[in-house]
Amino acid sequence: MSSATQTNKPRVLVFDSGVGGLSVAREIQQRLPWLPLVYASDNGFFPYGTKGETELIARVDQVIRSLLQRYPVDILIIACNTASTLTLPHLRSQLSLPIVGVVPAIKPAAKLSQSGVIGLLATPATVARPYTHELIREYAPQCDVISLGSSELVQIAEQKLRGEVIDHKSIEHIAAQLMEPEKAKQMDVLVLACTHFPLLKEELSVYLPEKIQLIDSGEAIARRVEFLLGTNIPHGNKAIENIAVFTKRTNEAAQLSIALKNFGIHKIDYLDLQ
Ligand code: DGL
């Protein structure tokens, strides 16, 4: 794989509407700590989970094109279930670099579940997507899938990373809603199908039965990136040239600088959309 950067190392772009993709970036950093990341948040159009399909496809297309022009990378990761379950075919038809999408971990959940009852927690848009229903039909036809869409949890994850006090009562309420159907008593696996939600894993676990395993797609994405990079790559030290890019200059974005440092990202940039 050819290198797109001046440092001669491959570089990847991790893209989300907000901070959710950091849960994917964390898995990539654990597996490939030397790999420089461009972390991009489309905070100017956040949240994605409440947007119409046509406008979201057009927006993602526009932002990704601008990002790739300014930050050449070797692999693009759409670290957002809401965007991936909608825009992947379009992006793949338009761009020539390898694109890794993050979609709900239905397949591993169905394999893991002993009871055949799995939960799916995502944005309202992801829960409603035909792509998600197709995944369930294909990989979990024998399972009962209990789905809940929540935009509130997305906002809470953003607040947590900005260092604000978060509302645990709301998390408790969302967990109770998920567990409301009679069948939910048998749930033993819960798919966190929004990249924001693994950032709230600890908080969610407090309000869910202990037997429920929370899973997401992060580790599988890191493995996929490793595979795409191939074996002929420099390893070396931890990447220091990571950068975060926002599509809008806001106080909220500036407040994320401490959290970003915890993810090894010390530089913040802003993108002028073309
Ligand atoms: N993090 C995104 C996902 O994985 C969506 C959050 C949003 O609604 O913007 O679905």
# chains A, B, ... in the order shown; residues from 1 in each chain; ligands from 1

call {"tool": "residues_near_ligand", "arguments": {"ligand": "ligand 1", "cutoff": "7 Å", "atoms": "only C-alpha atoms and all ligand atoms", "output": "list in words"}}
result
Asp16, Ser17, Gly18, Gly20, Gly21, Phe46, Pro47, Tyr48, Gly49, Thr50, Ala79, Cys80, Asn81, Thr82, Ala83, Ala122, Thr123, Thr126, Ser151, Val154, Ala193, Cys194, Thr195 and His196 of chain A

call {"tool": "write_last_selection", "arguments": {"atoms": "N, CA, C and O atoms", "output": "short mmCIF file (atom, residue, chain, number, x, y, z; two decimals), in the first residue's frame"}}
result
data_model
loop_
_atom_site.label_atom_id
_atom_site.label_comp_id
_atom_site.auth_asym_id
_atom_site.auth_seq_id
_atom_site.Cartn_x
_atom_site.Cartn_y
_atom_site.Cartn_z
N ASP A 16 -16.55 10.52 11.86
CA ASP A 16 -17.86 10.36 12.55
C ASP A 16 -18.54 11.73 12.60
O ASP A 16 -17.93 12.76 12.27
N SER A 17 -19.78 11.73 13.06
CA SER A 17 -20.51 13.00 13.24
C SER A 17 -19.99 13.76 14.45
O SER A 17 -20.17 14.98 14.56
N GLY A 18 -19.39 13.03 15.39
CA GLY A 18 -18.95 13.66 16.64
C GLY A 18 -17.82 12.86 17.26
O GLY A 18 -16.91 12.42 16.55
N GLY A 20 -18.02 9.89 18.65
CA GLY A 20 -18.24 8.44 18.67
C GLY A 20 -17.10 7.64 18.04
O GLY A 20 -16.69 6.60 18.57
N GLY A 21 -16.58 8.14 16.95
CA GLY A 21 -15.52 7.42 16.25
C GLY A 21 -14.27 7.23 17.11
O GLY A 21 -13.42 6.39 16.79
N PHE A 46 -23.81 17.62 13.19
CA PHE A 46 -24.17 16.69 14.27
C PHE A 46 -25.56 17.06 14.81
O PHE A 46 -25.86 18.25 14.91
N PRO A 47 -26.43 16.09 15.18
CA PRO A 47 -26.23 14.64 15.09
C PRO A 47 -26.73 14.09 13.76
O PRO A 47 -27.64 14.65 13.16
N TYR A 48 -26.15 12.96 13.36
CA TYR A 48 -26.56 12.34 12.10
C TYR A 48 -27.85 11.53 12.26
O TYR A 48 -28.58 11.34 11.31
N GLY A 49 -28.07 11.04 13.49
CA GLY A 49 -29.17 10.08 13.71
C GLY A 49 -30.56 10.65 13.51
O GLY A 49 -31.54 9.90 13.50
N THR A 50 -30.66 11.96 13.37
CA THR A 50 -31.99 12.56 13.19
C THR A 50 -32.13 13.17 11.78
O THR A 50 -33.13 13.82 11.49
N ALA A 79 -16.56 5.70 10.79
CA ALA A 79 -16.72 5.18 12.15
C ALA A 79 -18.06 5.61 12.73
O ALA A 79 -18.14 6.13 13.84
N CYS A 80 -19.09 5.37 11.96
CA CYS A 80 -20.43 5.83 12.32
C CYS A 80 -21.43 4.86 11.69
O CYS A 80 -21.47 4.75 10.46
N ASN A 81 -22.19 4.18 12.53
CA ASN A 81 -23.17 3.23 12.01
C ASN A 81 -24.25 3.94 11.20
O ASN A 81 -24.71 3.44 10.18
N THR A 82 -24.64 5.12 11.67
CA THR A 82 -25.72 5.86 11.01
C THR A 82 -25.32 6.23 9.59
O THR A 82 -26.14 6.14 8.67
N ALA A 83 -24.07 6.64 9.40
CA ALA A 83 -23.59 7.00 8.06
C ALA A 83 -23.28 5.74 7.24
O ALA A 83 -23.63 5.66 6.07
N ALA A 122 -29.02 1.70 19.19
CA ALA A 122 -28.42 2.47 18.09
C ALA A 122 -29.11 3.82 18.01
O ALA A 122 -29.95 4.15 18.87
N THR A 123 -28.79 4.58 16.98
CA THR A 123 -29.56 5.81 16.77
C THR A 123 -30.91 5.41 16.16
O THR A 123 -31.04 4.32 15.58
N THR A 126 -30.41 4.33 12.56
CA THR A 126 -29.79 3.01 12.32
C THR A 126 -30.79 1.89 12.59
O THR A 126 -30.85 0.90 11.86
N SER A 151 -31.29 9.02 20.63
CA SER A 151 -30.41 10.15 20.29
C SER A 151 -29.85 10.76 21.56
O SER A 151 -28.80 11.41 21.54
N VAL A 154 -26.46 9.63 22.57
CA VAL A 154 -25.40 10.23 21.73
C VAL A 154 -24.97 11.55 22.36
O VAL A 154 -23.76 11.83 22.53
N ALA A 193 -24.70 -0.34 18.71
CA ALA A 193 -24.59 -0.10 17.27
C ALA A 193 -24.56 1.38 16.92
O ALA A 193 -25.07 1.81 15.89
N CYS A 194 -23.99 2.14 17.82
CA CYS A 194 -23.67 3.54 17.56
C CYS A 194 -22.30 3.72 18.19
O CYS A 194 -22.09 3.30 19.34
N THR A 195 -21.37 4.30 17.45
CA THR A 195 -19.99 4.36 17.96
C THR A 195 -19.86 5.25 19.20
O THR A 195 -18.87 5.17 19.91
N HIS A 196 -20.87 6.06 19.46
CA HIS A 196 -20.84 6.85 20.69
C HIS A 196 -21.04 5.97 21.93
O HIS A 196 -20.58 6.33 23.02
#

call {"tool": "residues_around", "arguments": {"residues": "Ala184 in chain A", "least_positions_apart": "6", "cutoff": "12 Å", "atoms": "only C-alpha atoms", "output": "list in words"}}
result
Ser115, Gly116, Val117, Ile118, Gly119, Leu120, Asp144, Val145, Ile146, Ser147, Leu148, Ala175, Ala176, Gln177, Leu178, Leu190, Leu208, Pro209, Lys211 and Ile212 of chain A

call {"tool": "write_last_selection", "arguments": {"atoms": "all heavy atoms", "output": "compact mmCIF listing (two decimals), in the first residue's frame"}}
result
# COMPACT_ATOMS: atom_id res chain seq x y z
N SER A 115 -29.10 -17.56 24.49
CA SER A 115 -30.56 -17.55 24.66
C SER A 115 -31.29 -17.25 23.35
O SER A 115 -32.48 -17.52 23.23
CB SER A 115 -30.94 -16.47 25.67
OG SER A 115 -30.66 -15.18 25.14
N GLY A 116 -30.58 -16.67 22.39
CA GLY A 116 -31.24 -16.28 21.13
C GLY A 116 -32.00 -14.98 21.25
O GLY A 116 -32.74 -14.60 20.35
N VAL A 117 -31.80 -14.27 22.36
CA VAL A 117 -32.43 -12.94 22.48
C VAL A 117 -31.31 -11.91 22.57
O VAL A 117 -30.51 -11.92 23.50
CB VAL A 117 -33.34 -12.85 23.73
CG1 VAL A 117 -33.97 -11.46 23.81
CG2 VAL A 117 -34.43 -13.91 23.67
N ILE A 118 -31.24 -11.04 21.56
CA ILE A 118 -30.18 -10.02 21.58
C ILE A 118 -30.79 -8.62 21.53
O ILE A 118 -31.88 -8.43 21.02
CB ILE A 118 -29.13 -10.22 20.44
CG1 ILE A 118 -29.76 -10.10 19.07
CG2 ILE A 118 -28.44 -11.55 20.57
CD1 ILE A 118 -28.76 -10.35 17.93
N GLY A 119 -30.07 -7.69 22.10
CA GLY A 119 -30.52 -6.30 22.10
C GLY A 119 -29.75 -5.51 21.05
O GLY A 119 -28.62 -5.87 20.69
N LEU A 120 -30.39 -4.46 20.56
CA LEU A 120 -29.73 -3.59 19.58
C LEU A 120 -30.00 -2.15 20.00
O LEU A 120 -31.14 -1.69 20.01
CB LEU A 120 -30.31 -3.84 18.18
CG LEU A 120 -29.83 -2.91 17.06
CD1 LEU A 120 -28.37 -3.19 16.72
CD2 LEU A 120 -30.68 -3.10 15.81
N ASP A 144 -34.39 -13.41 18.50
CA ASP A 144 -35.30 -12.30 18.75
C ASP A 144 -34.42 -11.08 18.97
O ASP A 144 -33.53 -11.10 19.83
CB ASP A 144 -36.10 -12.55 20.05
CG ASP A 144 -37.24 -13.49 19.79
OD1 ASP A 144 -38.08 -13.19 18.92
OD2 ASP A 144 -37.29 -14.56 20.45
N VAL A 145 -34.66 -10.03 18.21
CA VAL A 145 -33.84 -8.83 18.36
C VAL A 145 -34.70 -7.72 18.94
O VAL A 145 -35.71 -7.34 18.36
CB VAL A 145 -33.22 -8.39 17.00
CG1 VAL A 145 -32.37 -7.13 17.19
CG2 VAL A 145 -32.37 -9.52 16.41
N ILE A 146 -34.29 -7.24 20.10
CA ILE A 146 -35.03 -6.16 20.77
C ILE A 146 -34.27 -4.86 20.51
O ILE A 146 -33.14 -4.69 20.97
CB ILE A 146 -35.15 -6.44 22.28
CG1 ILE A 146 -35.96 -7.73 22.48
CG2 ILE A 146 -35.80 -5.26 23.01
CD1 ILE A 146 -36.01 -8.23 23.90
N SER A 147 -34.89 -3.95 19.73
CA SER A 147 -34.17 -2.75 19.30
C SER A 147 -34.67 -1.50 20.03
O SER A 147 -35.85 -1.37 20.32
CB SER A 147 -34.40 -2.49 17.80
OG SER A 147 -34.06 -3.62 17.07
N LEU A 148 -33.72 -0.60 20.26
CA LEU A 148 -34.10 0.71 20.80
C LEU A 148 -33.22 1.78 20.15
O LEU A 148 -31.99 1.65 20.09
CB LEU A 148 -33.91 0.73 22.33
CG LEU A 148 -34.31 2.05 23.00
CD1 LEU A 148 -35.82 2.27 22.95
CD2 LEU A 148 -33.85 2.09 24.46
N ALA A 175 -31.95 2.36 29.73
CA ALA A 175 -31.73 0.93 30.00
C ALA A 175 -33.06 0.25 30.36
O ALA A 175 -33.35 -0.86 29.90
CB ALA A 175 -30.71 0.76 31.13
N ALA A 176 -33.88 0.93 31.15
CA ALA A 176 -35.18 0.36 31.57
C ALA A 176 -36.09 0.19 30.35
O ALA A 176 -36.78 -0.83 30.23
CB ALA A 176 -35.83 1.27 32.60
N GLN A 177 -36.05 1.16 29.44
CA GLN A 177 -36.87 1.07 28.22
C GLN A 177 -36.48 -0.15 27.38
O GLN A 177 -37.32 -0.86 26.86
CB GLN A 177 -36.62 2.31 27.37
CG GLN A 177 -37.75 3.32 27.35
CD GLN A 177 -37.36 4.46 26.44
OE1 GLN A 177 -36.35 5.14 26.71
NE2 GLN A 177 -38.09 4.65 25.38
N LEU A 178 -35.16 -0.35 27.28
CA LEU A 178 -34.65 -1.48 26.50
C LEU A 178 -35.11 -2.81 27.10
O LEU A 178 -35.41 -3.76 26.39
CB LEU A 178 -33.11 -1.42 26.47
CG LEU A 178 -32.41 -2.55 25.72
CD1 LEU A 178 -32.57 -2.36 24.20
CD2 LEU A 178 -30.93 -2.60 26.07
N LEU A 190 -25.92 -7.53 24.06
CA LEU A 190 -26.45 -6.24 23.60
C LEU A 190 -25.45 -5.62 22.62
O LEU A 190 -24.27 -5.44 22.95
CB LEU A 190 -26.67 -5.29 24.79
CG LEU A 190 -27.03 -3.84 24.43
CD1 LEU A 190 -28.35 -3.76 23.66
CD2 LEU A 190 -27.12 -2.99 25.71
N LEU A 208 -27.86 -2.39 33.65
CA LEU A 208 -28.29 -3.57 32.88
C LEU A 208 -27.93 -4.85 33.67
O LEU A 208 -26.95 -4.85 34.42
CB LEU A 208 -27.56 -3.60 31.53
CG LEU A 208 -27.99 -2.53 30.53
CD1 LEU A 208 -27.02 -2.45 29.35
CD2 LEU A 208 -29.41 -2.78 30.01
N PRO A 209 -28.71 -5.94 33.47
CA PRO A 209 -28.37 -7.18 34.16
C PRO A 209 -26.93 -7.61 33.83
O PRO A 209 -26.48 -7.46 32.68
CB PRO A 209 -29.37 -8.18 33.58
CG PRO A 209 -30.52 -7.35 33.09
CD PRO A 209 -29.95 -6.04 32.68
N LYS A 211 -25.54 -10.36 33.38
CA LYS A 211 -25.32 -11.44 32.37
C LYS A 211 -25.26 -10.91 30.93
O LYS A 211 -24.84 -11.62 30.02
CB LYS A 211 -26.42 -12.49 32.49
CG LYS A 211 -27.79 -11.95 32.09
CD LYS A 211 -28.81 -13.05 31.92
CE LYS A 211 -30.13 -12.40 31.47
NZ LYS A 211 -31.24 -13.27 31.37
N ILE A 212 -25.66 -9.66 30.72
CA ILE A 212 -25.67 -9.14 29.34
C ILE A 212 -24.28 -8.66 28.93
O ILE A 212 -23.70 -7.78 29.56
CB ILE A 212 -26.70 -7.99 29.19
CG1 ILE A 212 -28.10 -8.49 29.51
CG2 ILE A 212 -26.65 -7.41 27.77
CD1 ILE A 212 -29.20 -7.46 29.33

call {"tool": "residues_around", "arguments": {"residues": "range 53-69 of chain A", "least_positions_apart": "2", "cutoff": "7 Å", "atoms": "only C-alpha atoms", "output": "JSON, numbers by chain"}}
result
{"A": [51, 71, 72, 73, 87, 91, 273, 274]}

call {"tool": "residues_around", "arguments": {"residues": "Gln255 in chain A", "least_positions_apart": "6", "cutoff": "9 Å", "atoms": "only C-alpha atoms", "output": "ChimeraX atom specification"}}
result
/A:161-163

call {"tool": "closest_atom_pairs", "arguments": {"of": "range 121-141 of chain A", "to": "range 94-106 of chain A", "cutoff": "7 Å", "atoms": "only C-alpha atoms", "output": "Markdown table"}}
result
| residue | atom | partner | partner_atom | distance |
| --- | --- | --- | --- | --- |
| A:Leu135 | CA | A:Ile106 | CA | 6.6 |
| A:Ile136 | CA | A:Ile106 | CA | 6.5 |
| A:Tyr139 | CA | A:Ile106 | CA | 6.7 |
| A:Ala140 | CA | A:Ile106 | CA | 6.9 |

call {"tool": "atom_distance", "arguments": {"atom1": "CA of Ala25 in chain A", "atom2": "CA of Arg70 in chain A"}}
result
19.9 Å

call {"tool": "atom_distance", "arguments": {"atom1": "CA of Ile258 in chain A", "atom2": "CA of Gly218 in chain A"}}
result
22.0 Å

call {"tool": "atom_distance", "arguments": {"atom1": "CA of Val191 in chain A", "atom2": "CA of Lys107 in chain A"}}
result
9.9 Å

call {"tool": "closest_residue", "arguments": {"among": "A:Pro89, A:Pro108, A:Gly149, A:Pro181", "to": "Phe197 in chain A", "atoms": "only C-alpha atoms"}}
result
A:Gly149

call {"tool": "select_by_dssp", "arguments": {"residues": "range 27-72 of chain A", "states": "strand (DSSP E)", "output": "number ranges by chain"}}
result
A: 37-41

call {"tool": "decode", "arguments": {"residues": "range 12-54 of chain A", "atoms": "N, CA and C atoms", "output": "short mmCIF file (atom, residue, chain, number, x, y, z; two decimals), in the first residue's frame"}}
result
data_model
loop_
_atom_site.label_atom_id
_atom_site.label_comp_id
_atom_site.auth_asym_id
_atom_site.auth_seq_id
_atom_site.Cartn_x
_atom_site.Cartn_y
_atom_site.Cartn_z
N VAL A 12 -4.53 6.86 8.35
CA VAL A 12 -5.95 6.57 8.15
C VAL A 12 -6.81 7.73 8.62
N LEU A 13 -7.97 7.86 7.99
CA LEU A 13 -8.95 8.87 8.38
C LEU A 13 -10.11 8.17 9.08
N VAL A 14 -10.36 8.58 10.33
CA VAL A 14 -11.48 8.01 11.09
C VAL A 14 -12.55 9.10 11.16
N PHE A 15 -13.71 8.81 10.60
CA PHE A 15 -14.74 9.84 10.42
C PHE A 15 -16.02 9.51 11.18
N ASP A 16 -16.55 10.52 11.86
CA ASP A 16 -17.86 10.36 12.55
C ASP A 16 -18.54 11.73 12.60
N SER A 17 -19.78 11.73 13.06
CA SER A 17 -20.51 13.00 13.24
C SER A 17 -19.99 13.76 14.45
N GLY A 18 -19.39 13.03 15.39
CA GLY A 18 -18.95 13.66 16.64
C GLY A 18 -17.82 12.86 17.26
N VAL A 19 -17.91 12.62 18.58
CA VAL A 19 -16.81 11.93 19.26
C VAL A 19 -16.90 10.41 19.20
N GLY A 20 -18.02 9.89 18.65
CA GLY A 20 -18.24 8.44 18.67
C GLY A 20 -17.10 7.64 18.04
N GLY A 21 -16.58 8.14 16.95
CA GLY A 21 -15.52 7.42 16.25
C GLY A 21 -14.27 7.23 17.11
N LEU A 22 -14.18 7.96 18.20
CA LEU A 22 -13.02 7.77 19.09
C LEU A 22 -13.03 6.37 19.71
N SER A 23 -14.24 5.78 19.84
CA SER A 23 -14.28 4.41 20.37
C SER A 23 -13.65 3.45 19.37
N VAL A 24 -13.73 3.77 18.11
CA VAL A 24 -13.10 2.95 17.07
C VAL A 24 -11.59 3.29 17.00
N ALA A 25 -11.29 4.58 17.08
CA ALA A 25 -9.88 5.01 17.07
C ALA A 25 -9.10 4.32 18.20
N ARG A 26 -9.75 4.19 19.36
CA ARG A 26 -9.09 3.56 20.51
C ARG A 26 -8.68 2.12 20.19
N GLU A 27 -9.58 1.39 19.53
CA GLU A 27 -9.28 -0.01 19.16
C GLU A 27 -8.14 -0.06 18.15
N ILE A 28 -8.15 0.87 17.21
CA ILE A 28 -7.08 0.91 16.20
C ILE A 28 -5.75 1.22 16.88
N GLN A 29 -5.78 2.17 17.81
CA GLN A 29 -4.53 2.54 18.50
C GLN A 29 -3.99 1.39 19.33
N GLN A 30 -4.93 0.59 19.91
CA GLN A 30 -4.45 -0.54 20.71
C GLN A 30 -3.75 -1.57 19.84
N ARG A 31 -4.28 -1.78 18.66
CA ARG A 31 -3.73 -2.79 17.76
C ARG A 31 -2.54 -2.27 16.95
N LEU A 32 -2.63 -1.01 16.53
CA LEU A 32 -1.61 -0.42 15.63
C LEU A 32 -1.18 0.93 16.19
N PRO A 33 -0.50 0.93 17.34
CA PRO A 33 -0.21 2.21 18.02
C PRO A 33 0.65 3.18 17.21
N TRP A 34 1.40 2.66 16.26
CA TRP A 34 2.29 3.51 15.45
C TRP A 34 1.56 4.23 14.33
N LEU A 35 0.31 3.82 14.06
CA LEU A 35 -0.41 4.30 12.86
C LEU A 35 -0.99 5.71 13.08
N PRO A 36 -0.54 6.71 12.29
CA PRO A 36 -1.07 8.06 12.48
C PRO A 36 -2.54 8.16 12.04
N LEU A 37 -3.32 8.84 12.86
CA LEU A 37 -4.75 8.98 12.59
C LEU A 37 -5.11 10.43 12.32
N VAL A 38 -6.00 10.62 11.35
CA VAL A 38 -6.70 11.89 11.24
C VAL A 38 -8.10 11.58 11.75
N TYR A 39 -8.47 12.20 12.85
CA TYR A 39 -9.81 11.97 13.39
C TYR A 39 -10.72 13.12 12.99
N ALA A 40 -11.77 12.84 12.22
CA ALA A 40 -12.62 13.94 11.76
C ALA A 40 -14.02 13.83 12.34
N SER A 41 -14.48 14.95 12.89
CA SER A 41 -15.83 15.03 13.45
C SER A 41 -16.62 16.07 12.65
N ASP A 42 -17.74 15.64 12.09
CA ASP A 42 -18.59 16.58 11.36
C ASP A 42 -19.53 17.26 12.36
N ASN A 43 -18.94 17.97 13.30
CA ASN A 43 -19.76 18.59 14.35
C ASN A 43 -20.69 19.67 13.79
N GLY A 44 -20.37 20.16 12.58
CA GLY A 44 -21.22 21.17 11.95
C GLY A 44 -22.56 20.61 11.49
N PHE A 45 -22.69 19.28 11.46
CA PHE A 45 -23.94 18.66 11.00
C PHE A 45 -24.44 17.63 12.02
N PHE A 46 -23.81 17.62 13.19
CA PHE A 46 -24.17 16.69 14.27
C PHE A 46 -25.56 17.06 14.81
N PRO A 47 -26.43 16.09 15.18
CA PRO A 47 -26.23 14.64 15.09
C PRO A 47 -26.73 14.09 13.76
N TYR A 48 -26.15 12.96 13.36
CA TYR A 48 -26.56 12.34 12.10
C TYR A 48 -27.85 11.53 12.26
N GLY A 49 -28.07 11.04 13.49
CA GLY A 49 -29.17 10.08 13.71
C GLY A 49 -30.56 10.65 13.51
N THR A 50 -30.66 11.96 13.37
CA THR A 50 -31.99 12.56 13.19
C THR A 50 -32.13 13.17 11.78
N LYS A 51 -31.13 12.95 10.93
CA LYS A 51 -31.14 13.60 9.62
C LYS A 51 -31.81 12.72 8.55
N GLY A 52 -32.39 13.38 7.55
CA GLY A 52 -33.01 12.67 6.43
C GLY A 52 -31.93 12.02 5.57
N GLU A 53 -32.35 10.96 4.84
CA GLU A 53 -31.36 10.17 4.10
C GLU A 53 -30.68 10.94 2.97
N THR A 54 -31.47 11.68 2.19
CA THR A 54 -30.89 12.37 1.04
C THR A 54 -29.89 13.43 1.50
#
